[in-house]
Amino acid sequence: MFAELNESSMLFKGNLLILATSYVSTVVSFFSPYWLQSFPTPKLPRPKFTNLGLWHACFDGFHDKGHQYEVKFYGCQHVLLEEYDIIRSELSKPFFVATQFFFTLCFVGMLLSMAMVLMYLLCIDDYYRVKVLRWIGFDLFVSAVCGTIALIIFGALGDGRDFMPDWEQNYLSWSFGLGFVGVFLMYVTSVLFIVEARIMRRKEIARESMGQFNMEKRV
């Protein structure tokens with residue numbers, strides 16, 4: 001692995017660094033509960049909703065809008081837990097489910113690209129290297145598109161009046177920002193992998209042409 005990495009071009013090494021940064025940003029964004037956050041104000045010093053991620057919601061005395069139940073929610077829990085069934089219609093809005101779906105596709109695509117990079121470094125024959133680089137590039141591009149859809153949906157509707165209470169105090173937070181960074185870098189690294197594949201293919205064509213020229217010269 002290290003021998004193959006040492007023999008790689010500077011473009012490939014730099015691309016791996018960008019990919020690693022994108023991976024860390026995407027993973028932290030995917031699991032952290034700060035896509036949306038409420039900030040206290042003198043008017044409302046203790047908001048009932050505190051913060052929300054793709055998979056965790058944090059409350060401080062939150063109850064259902066219709067007050068049909070006497071249950072209040074405190075602390076952070078996974079959004080799919082049975083305890084949140086009372087507020088399921090308020091918590092799992094269609095746009096939020098769509099955000100979860102598309103960003104999960106983005107996350108899975110990122111994991112697949114990392115697996116292909118390891119495969120490229122460890123066990124791929126030279127004949128398939130150009131194809132694998134292209135696959136990595138296309139996989140990252142599709143993942144970035146899915147991530148973009150998720151970010152646009154949540155950015156447009158996440159802090160709106162129809163989602164969490166006291167919407168005037170709710171703001172897109174740092175987990176959402178990290179998701180943006182991760183997706184942007186996916187676009188960058190996808191293009192760089194495709195460029196690397198083109199460069200490698202041209203070198204292969206040049207070597208094949210040189211080999212044919214030498215054979216004809218000998219004859």
# chains A, B, ... in the order shown; residues from 1 in each chain; ligands from 1
>>> residues_around(residues="Ile149 (chain A)", least_positions_apart="2", cutoff="9 Å", atoms="only C-alpha atoms", output="ChimeraX atom specification")
/A:98-99,102-103,144-147,151-154
>>> write_last_selection(atoms="N, CA and C atoms", output="PDB file, in the first residue's frame")
ATOM      1  N   ALA A  98     -36.905  13.145   3.455  1.00  0.00           N
ATOM      2  CA  ALA A  98     -36.188  13.242   2.186  1.00  0.00           C
ATOM      3  C   ALA A  98     -34.731  13.649   2.411  1.00  0.00           C
ATOM      4  N   THR A  99     -34.511  14.561   3.355  1.00  0.00           N
ATOM      5  CA  THR A  99     -33.141  14.962   3.693  1.00  0.00           C
ATOM      6  C   THR A  99     -32.350  13.776   4.221  1.00  0.00           C
ATOM      7  N   PHE A 102     -31.581  11.275   1.164  1.00  0.00           N
ATOM      8  CA  PHE A 102     -30.567  11.685   0.197  1.00  0.00           C
ATOM      9  C   PHE A 102     -29.187  11.822   0.839  1.00  0.00           C
ATOM     10  N   PHE A 103     -29.129  12.277   2.083  1.00  0.00           N
ATOM     11  CA  PHE A 103     -27.813  12.385   2.706  1.00  0.00           C
ATOM     12  C   PHE A 103     -27.276  11.008   3.096  1.00  0.00           C
ATOM     13  N   ALA A 144     -22.143  13.344  -4.334  1.00  0.00           N
ATOM     14  CA  ALA A 144     -22.204  14.786  -4.127  1.00  0.00           C
ATOM     15  C   ALA A 144     -23.551  15.349  -4.566  1.00  0.00           C
ATOM     16  N   VAL A 145     -24.092  14.832  -5.664  1.00  0.00           N
ATOM     17  CA  VAL A 145     -25.409  15.275  -6.131  1.00  0.00           C
ATOM     18  C   VAL A 145     -26.481  14.950  -5.092  1.00  0.00           C
ATOM     19  N   CYS A 146     -26.436  13.729  -4.539  1.00  0.00           N
ATOM     20  CA  CYS A 146     -27.395  13.347  -3.493  1.00  0.00           C
ATOM     21  C   CYS A 146     -27.250  14.242  -2.267  1.00  0.00           C
ATOM     22  N   GLY A 147     -26.003  14.521  -1.881  1.00  0.00           N
ATOM     23  CA  GLY A 147     -25.776  15.407  -0.746  1.00  0.00           C
ATOM     24  C   GLY A 147     -26.277  16.809  -1.014  1.00  0.00           C
ATOM     25  N   LEU A 151     -29.005  18.949   1.183  1.00  0.00           N
ATOM     26  CA  LEU A 151     -28.684  20.259   1.751  1.00  0.00           C
ATOM     27  C   LEU A 151     -29.649  21.334   1.266  1.00  0.00           C
ATOM     28  N   ILE A 152     -30.035  21.282   0.000  1.00  0.00           N
ATOM     29  CA  ILE A 152     -30.985  22.264  -0.518  1.00  0.00           C
ATOM     30  C   ILE A 152     -32.342  22.126   0.154  1.00  0.00           C
ATOM     31  N   ILE A 153     -32.797  20.889   0.294  1.00  0.00           N
ATOM     32  CA  ILE A 153     -34.099  20.654   0.928  1.00  0.00           C
ATOM     33  C   ILE A 153     -34.101  21.167   2.361  1.00  0.00           C
ATOM     34  N   PHE A 154     -33.087  20.772   3.141  1.00  0.00           N
ATOM     35  CA  PHE A 154     -33.067  21.172   4.548  1.00  0.00           C
ATOM     36  C   PHE A 154     -32.790  22.664   4.688  1.00  0.00           C
TER      37      PHE A 154
END
>>> select_by_dssp(residues="region 92-182 of chain A", states="alpha helix (DSSP H)", output="ChimeraX atom specification")
/A:94-122,129-157,174-182
>>> closest_residue(among="A:Phe12, A:Phe141, A:Phe180, A:Trp174", to="Ser32 (chain A)", atoms="only C-alpha atoms")
A:Trp174
>>> residues_around(residues="Ala20 (chain A)", least_positions_apart="5", cutoff="9 Å", atoms="only C-alpha atoms", output="ChimeraX atom specification")
/A:15,25,114
>>> atom_distance(atom1="CA of Arg129 (chain A)", atom2="CA of Met116 (chain A)")
10.6 Å
>>> residues_around(residues="Thr26 (chain A)", least_positions_apart="6", cutoff="12 Å", atoms="only C-alpha atoms", output="MDAnalysis selection string")
chainID A and resid 19:20 32 103:111 143:144 147 151 174:186
>>> select_by_dssp(residues="chain A", states="strand (DSSP E)", output="PDB file with all heavy atoms, in the first residue's frame")
ATOM      1  N   LEU A  36     -29.756  21.812  12.978  1.00  0.00           N
ATOM      2  CA  LEU A  36     -30.627  22.931  13.338  1.00  0.00           C
ATOM      3  C   LEU A  36     -30.495  23.172  14.827  1.00  0.00           C
ATOM      4  O   LEU A  36     -30.471  22.224  15.614  1.00  0.00           O
ATOM      5  CB  LEU A  36     -32.082  22.614  12.975  1.00  0.00           C
ATOM      6  CG  LEU A  36     -33.111  23.726  13.175  1.00  0.00           C
ATOM      7  CD1 LEU A  36     -32.870  24.850  12.170  1.00  0.00           C
ATOM      8  CD2 LEU A  36     -34.529  23.183  13.011  1.00  0.00           C
ATOM      9  N   GLN A  37     -30.397  24.442  15.224  1.00  0.00           N
ATOM     10  CA  GLN A  37     -30.175  24.764  16.630  1.00  0.00           C
ATOM     11  C   GLN A  37     -30.987  25.992  17.025  1.00  0.00           C
ATOM     12  O   GLN A  37     -31.125  26.937  16.235  1.00  0.00           O
ATOM     13  CB  GLN A  37     -28.688  25.008  16.894  1.00  0.00           C
ATOM     14  CG  GLN A  37     -28.326  25.143  18.362  1.00  0.00           C
ATOM     15  CD  GLN A  37     -26.818  25.195  18.573  1.00  0.00           C
ATOM     16  OE1 GLN A  37     -26.043  25.232  17.616  1.00  0.00           O
ATOM     17  NE2 GLN A  37     -26.389  25.197  19.820  1.00  0.00           N
ATOM     18  N   SER A  38     -31.518  25.960  18.233  1.00  0.00           N
ATOM     19  CA  SER A  38     -32.265  27.091  18.764  1.00  0.00           C
ATOM     20  C   SER A  38     -31.401  27.835  19.779  1.00  0.00           C
ATOM     21  O   SER A  38     -30.724  27.219  20.610  1.00  0.00           O
ATOM     22  CB  SER A  38     -33.550  26.605  19.439  1.00  0.00           C
ATOM     23  OG  SER A  38     -34.285  27.696  19.947  1.00  0.00           O
ATOM     24  N   PHE A  49     -37.325  23.464  22.148  1.00  0.00           N
ATOM     25  CA  PHE A  49     -36.479  22.751  21.192  1.00  0.00           C
ATOM     26  C   PHE A  49     -35.060  23.319  21.297  1.00  0.00           C
ATOM     27  O   PHE A  49     -34.866  24.532  21.305  1.00  0.00           O
ATOM     28  CB  PHE A  49     -37.013  22.920  19.770  1.00  0.00           C
ATOM     29  CG  PHE A  49     -35.997  22.623  18.708  1.00  0.00           C
ATOM     30  CD1 PHE A  49     -35.615  21.318  18.449  1.00  0.00           C
ATOM     31  CD2 PHE A  49     -35.403  23.651  17.988  1.00  0.00           C
ATOM     32  CE1 PHE A  49     -34.662  21.042  17.480  1.00  0.00           C
ATOM     33  CE2 PHE A  49     -34.462  23.388  17.015  1.00  0.00           C
ATOM     34  CZ  PHE A  49     -34.088  22.085  16.758  1.00  0.00           C
ATOM     35  N   THR A  50     -34.068  22.437  21.394  1.00  0.00           N
ATOM     36  CA  THR A  50     -32.694  22.913  21.534  1.00  0.00           C
ATOM     37  C   THR A  50     -31.863  22.681  20.268  1.00  0.00           C
ATOM     38  O   THR A  50     -31.295  23.626  19.715  1.00  0.00           O
ATOM     39  CB  THR A  50     -31.998  22.241  22.731  1.00  0.00           C
ATOM     40  OG1 THR A  50     -32.057  20.807  22.572  1.00  0.00           O
ATOM     41  CG2 THR A  50     -32.665  22.647  24.035  1.00  0.00           C
ATOM     42  N   ASN A  51     -31.789  21.436  19.788  1.00  0.00           N
ATOM     43  CA  ASN A  51     -31.021  21.174  18.566  1.00  0.00           C
ATOM     44  C   ASN A  51     -31.456  19.857  17.937  1.00  0.00           C
ATOM     45  O   ASN A  51     -32.072  19.004  18.585  1.00  0.00           O
ATOM     46  CB  ASN A  51     -29.512  21.168  18.846  1.00  0.00           C
ATOM     47  CG  ASN A  51     -29.110  20.228  19.954  1.00  0.00           C
ATOM     48  OD1 ASN A  51     -29.219  20.550  21.137  1.00  0.00           O
ATOM     49  ND2 ASN A  51     -28.627  19.057  19.584  1.00  0.00           N
ATOM     50  N   LEU A  52     -31.103  19.724  16.648  1.00  0.00           N
ATOM     51  CA  LEU A  52     -31.568  18.589  15.863  1.00  0.00           C
ATOM     52  C   LEU A  52     -30.515  18.206  14.831  1.00  0.00           C
ATOM     53  O   LEU A  52     -29.880  19.062  14.218  1.00  0.00           O
ATOM     54  CB  LEU A  52     -32.869  18.967  15.131  1.00  0.00           C
ATOM     55  CG  LEU A  52     -33.420  17.984  14.103  1.00  0.00           C
ATOM     56  CD1 LEU A  52     -34.130  16.833  14.806  1.00  0.00           C
ATOM     57  CD2 LEU A  52     -34.386  18.684  13.154  1.00  0.00           C
ATOM     58  N   HIS A  56     -30.753  12.531  15.612  1.00  0.00           N
ATOM     59  CA  HIS A  56     -30.986  12.821  17.027  1.00  0.00           C
ATOM     60  C   HIS A  56     -31.698  14.159  17.173  1.00  0.00           C
ATOM     61  O   HIS A  56     -31.403  15.111  16.434  1.00  0.00           O
ATOM     62  CB  HIS A  56     -29.669  12.857  17.812  1.00  0.00           C
ATOM     63  CG  HIS A  56     -29.033  11.514  17.967  1.00  0.00           C
ATOM     64  ND1 HIS A  56     -28.222  10.962  16.991  1.00  0.00           N
ATOM     65  CD2 HIS A  56     -29.092  10.589  18.970  1.00  0.00           C
ATOM     66  CE1 HIS A  56     -27.808   9.767  17.387  1.00  0.00           C
ATOM     67  NE2 HIS A  56     -28.323   9.521  18.572  1.00  0.00           N
ATOM     68  N   ALA A  57     -32.637  14.195  18.111  1.00  0.00           N
ATOM     69  CA  ALA A  57     -33.361  15.425  18.418  1.00  0.00           C
ATOM     70  C   ALA A  57     -33.249  15.703  19.912  1.00  0.00           C
ATOM     71  O   ALA A  57     -33.346  14.780  20.729  1.00  0.00           O
ATOM     72  CB  ALA A  57     -34.824  15.305  18.008  1.00  0.00           C
ATOM     73  N   CYS A  58     -33.031  16.947  20.251  1.00  0.00           N
ATOM     74  CA  CYS A  58     -32.827  17.340  21.652  1.00  0.00           C
ATOM     75  C   CYS A  58     -33.878  18.366  22.056  1.00  0.00           C
ATOM     76  O   CYS A  58     -34.059  19.382  21.363  1.00  0.00           O
ATOM     77  CB  CYS A  58     -31.429  17.927  21.845  1.00  0.00           C
ATOM     78  SG  CYS A  58     -30.090  16.807  21.350  1.00  0.00           S
ATOM     79  N   PHE A  59     -34.542  18.095  23.187  1.00  0.00           N
ATOM     80  CA  PHE A  59     -35.625  18.957  23.644  1.00  0.00           C
ATOM     81  C   PHE A  59     -35.435  19.314  25.117  1.00  0.00           C
ATOM     82  O   PHE A  59     -34.696  18.652  25.854  1.00  0.00           O
ATOM     83  CB  PHE A  59     -36.979  18.265  23.458  1.00  0.00           C
ATOM     84  CG  PHE A  59     -37.291  17.893  22.035  1.00  0.00           C
ATOM     85  CD1 PHE A  59     -37.328  16.564  21.649  1.00  0.00           C
ATOM     86  CD2 PHE A  59     -37.541  18.872  21.087  1.00  0.00           C
ATOM     87  CE1 PHE A  59     -37.616  16.207  20.340  1.00  0.00           C
ATOM     88  CE2 PHE A  59     -37.829  18.535  19.779  1.00  0.00           C
ATOM     89  CZ  PHE A  59     -37.876  17.197  19.402  1.00  0.00           C
ATOM     90  N   ASP A  60     -36.156  20.349  25.526  1.00  0.00           N
ATOM     91  CA  ASP A  60     -36.143  20.776  26.922  1.00  0.00           C
ATOM     92  C   ASP A  60     -37.566  21.146  27.331  1.00  0.00           C
ATOM     93  O   ASP A  60     -37.926  22.315  27.424  1.00  0.00           O
ATOM     94  CB  ASP A  60     -35.206  21.980  27.096  1.00  0.00           C
ATOM     95  CG  ASP A  60     -35.008  22.347  28.567  1.00  0.00           C
ATOM     96  OD1 ASP A  60     -35.432  21.556  29.440  1.00  0.00           O
ATOM     97  OD2 ASP A  60     -34.439  23.424  28.828  1.00  0.00           O
ATOM     98  N   GLY A  61     -38.387  20.112  27.519  1.00  0.00           N
ATOM     99  CA  GLY A  61     -39.782  20.328  27.885  1.00  0.00           C
ATOM    100  C   GLY A  61     -40.714  20.406  26.688  1.00  0.00           C
ATOM    101  O   GLY A  61     -41.813  20.963  26.792  1.00  0.00           O
ATOM    102  N   PHE A  62     -40.312  19.829  25.567  1.00  0.00           N
ATOM    103  CA  PHE A  62     -41.123  19.864  24.346  1.00  0.00           C
ATOM    104  C   PHE A  62     -42.329  18.938  24.497  1.00  0.00           C
ATOM    105  O   PHE A  62     -42.247  17.865  25.067  1.00  0.00           O
ATOM    106  CB  PHE A  62     -40.267  19.433  23.159  1.00  0.00           C
ATOM    107  CG  PHE A  62     -40.989  19.454  21.839  1.00  0.00           C
ATOM    108  CD1 PHE A  62     -41.088  20.621  21.114  1.00  0.00           C
ATOM    109  CD2 PHE A  62     -41.555  18.294  21.335  1.00  0.00           C
ATOM    110  CE1 PHE A  62     -41.739  20.652  19.885  1.00  0.00           C
ATOM    111  CE2 PHE A  62     -42.205  18.303  20.100  1.00  0.00           C
ATOM    112  CZ  PHE A  62     -42.309  19.481  19.383  1.00  0.00           C
ATOM    113  N   PHE A  73     -40.762  16.055  26.606  1.00  0.00           N
ATOM    114  CA  PHE A  73     -39.511  15.429  26.204  1.00  0.00           C
ATOM    115  C   PHE A  73     -38.327  16.282  26.633  1.00  0.00           C
ATOM    116  O   PHE A  73     -38.311  17.495  26.421  1.00  0.00           O
ATOM    117  CB  PHE A  73     -39.491  15.219  24.684  1.00  0.00           C
ATOM    118  CG  PHE A  73     -40.582  14.314  24.188  1.00  0.00           C
ATOM    119  CD1 PHE A  73     -41.780  14.843  23.728  1.00  0.00           C
ATOM    120  CD2 PHE A  73     -40.415  12.937  24.207  1.00  0.00           C
ATOM    121  CE1 PHE A  73     -42.787  14.005  23.275  1.00  0.00           C
ATOM    122  CE2 PHE A  73     -41.411  12.100  23.755  1.00  0.00           C
ATOM    123  CZ  PHE A  73     -42.606  12.637  23.292  1.00  0.00           C
ATOM    124  N   TYR A  74     -37.337  15.590  27.220  1.00  0.00           N
ATOM    125  CA  TYR A  74     -36.114  16.251  27.677  1.00  0.00           C
ATOM    126  C   TYR A  74     -34.900  15.467  27.171  1.00  0.00           C
ATOM    127  O   TYR A  74     -34.943  14.240  27.065  1.00  0.00           O
ATOM    128  CB  TYR A  74     -36.065  16.323  29.203  1.00  0.00           C
ATOM    129  CG  TYR A  74     -37.141  17.195  29.828  1.00  0.00           C
ATOM    130  CD1 TYR A  74     -38.372  16.651  30.173  1.00  0.00           C
ATOM    131  CD2 TYR A  74     -36.915  18.551  30.056  1.00  0.00           C
ATOM    132  CE1 TYR A  74     -39.362  17.437  30.751  1.00  0.00           C
ATOM    133  CE2 TYR A  74     -37.899  19.345  30.627  1.00  0.00           C
ATOM    134  CZ  TYR A  74     -39.124  18.786  30.973  1.00  0.00           C
ATOM    135  OH  TYR A  74     -40.097  19.569  31.536  1.00  0.00           O
ATOM    136  N   GLY A  75     -33.843  16.172  26.895  1.00  0.00           N
ATOM    137  CA  GLY A  75     -32.601  15.526  26.496  1.00  0.00           C
ATOM    138  C   GLY A  75     -32.589  15.129  25.029  1.00  0.00           C
ATOM    139  O   GLY A  75     -33.491  15.460  24.258  1.00  0.00           O
ATOM    140  N   CYS A  76     -31.554  14.394  24.650  1.00  0.00           N
ATOM    141  CA  CYS A  76     -31.340  14.000  23.249  1.00  0.00           C
ATOM    142  C   CYS A  76     -31.606  12.510  23.078  1.00  0.00           C
ATOM    143  O   CYS A  76     -31.114  11.700  23.867  1.00  0.00           O
ATOM    144  CB  CYS A  76     -29.901  14.307  22.827  1.00  0.00           C
ATOM    145  SG  CYS A  76     -29.468  16.061  22.913  1.00  0.00           S
ATOM    146  N   GLN A  77     -32.379  12.172  22.067  1.00  0.00           N
ATOM    147  CA  GLN A  77     -32.659  10.778  21.758  1.00  0.00           C
ATOM    148  C   GLN A  77     -32.697  10.592  20.241  1.00  0.00           C
ATOM    149  O   GLN A  77     -32.845  11.556  19.481  1.00  0.00           O
ATOM    150  CB  GLN A  77     -34.003  10.343  22.354  1.00  0.00           C
ATOM    151  CG  GLN A  77     -34.054  10.393  23.871  1.00  0.00           C
ATOM    152  CD  GLN A  77     -35.314   9.750  24.411  1.00  0.00           C
ATOM    153  OE1 GLN A  77     -35.545   8.563  24.195  1.00  0.00           O
ATOM    154  NE2 GLN A  77     -36.123  10.528  25.099  1.00  0.00           N
ATOM    155  N   HIS A  78     -32.562   9.340  19.830  1.00  0.00           N
ATOM    156  CA  HIS A  78     -32.625   9.011  18.414  1.00  0.00           C
ATOM    157  C   HIS A  78     -34.027   9.295  17.886  1.00  0.00           C
ATOM    158  O   HIS A  78     -35.023   8.996  18.548  1.00  0.00           O
ATOM    159  CB  HIS A  78     -32.268   7.539  18.203  1.00  0.00           C
ATOM    160  CG  HIS A  78     -31.896   7.195  16.804  1.00  0.00           C
ATOM    161  ND1 HIS A  78     -32.840   7.038  15.803  1.00  0.00           N
ATOM    162  CD2 HIS A  78     -30.693   7.001  16.205  1.00  0.00           C
ATOM    163  CE1 HIS A  78     -32.243   6.735  14.677  1.00  0.00           C
ATOM    164  NE2 HIS A  78     -30.932   6.714  14.881  1.00  0.00           N
ATOM    165  N   ASN A 170     -34.613  29.590  15.513  1.00  0.00           N
ATOM    166  CA  ASN A 170     -33.939  28.399  15.001  1.00  0.00           C
ATOM    167  C   ASN A 170     -33.050  28.759  13.812  1.00  0.00           C
ATOM    168  O   ASN A 170     -33.495  29.448  12.888  1.00  0.00           O
ATOM    169  CB  ASN A 170     -34.970  27.346  14.580  1.00  0.00           C
ATOM    170  CG  ASN A 170     -35.848  26.908  15.735  1.00  0.00           C
ATOM    171  OD1 ASN A 170     -35.464  27.036  16.896  1.00  0.00           O
ATOM    172  ND2 ASN A 170     -37.026  26.397  15.432  1.00  0.00           N
ATOM    173  N   TYR A 171     -31.818  28.269  13.847  1.00  0.00           N
ATOM    174  CA  TYR A 171     -30.853  28.597  12.804  1.00  0.00           C
ATOM    175  C   TYR A 171     -30.123  27.325  12.347  1.00  0.00           C
ATOM    176  O   TYR A 171     -29.889  26.417  13.140  1.00  0.00           O
ATOM    177  CB  TYR A 171     -29.819  29.608  13.313  1.00  0.00           C
ATOM    178  CG  TYR A 171     -30.429  30.919  13.761  1.00  0.00           C
ATOM    179  CD1 TYR A 171     -30.792  31.116  15.093  1.00  0.00           C
ATOM    180  CD2 TYR A 171     -30.644  31.952  12.847  1.00  0.00           C
ATOM    181  CE1 TYR A 171     -31.361  32.308  15.505  1.00  0.00           C
ATOM    182  CE2 TYR A 171     -31.201  33.150  13.258  1.00  0.00           C
ATOM    183  CZ  TYR A 171     -31.560  33.325  14.584  1.00  0.00           C
ATOM    184  OH  TYR A 171     -32.121  34.512  14.989  1.00  0.00           O
ATOM    185  N   LEU A 172     -29.772  27.306  11.072  1.00  0.00           N
ATOM    186  CA  LEU A 172     -28.923  26.228  10.565  1.00  0.00           C
ATOM    187  C   LEU A 172     -27.583  26.300  11.280  1.00  0.00           C
ATOM    188  O   LEU A 172     -26.973  27.368  11.372  1.00  0.00           O
ATOM    189  CB  LEU A 172     -28.726  26.371   9.060  1.00  0.00           C
ATOM    190  CG  LEU A 172     -30.011  26.333   8.217  1.00  0.00           C
ATOM    191  CD1 LEU A 172     -29.689  26.591   6.751  1.00  0.00           C
ATOM    192  CD2 LEU A 172     -30.736  25.010   8.374  1.00  0.00           C
TER     193      LEU A 172
END
>>> atom_distance(atom1="CA of Gln169 (chain A)", atom2="CA of Lys48 (chain A)")
11.1 Å
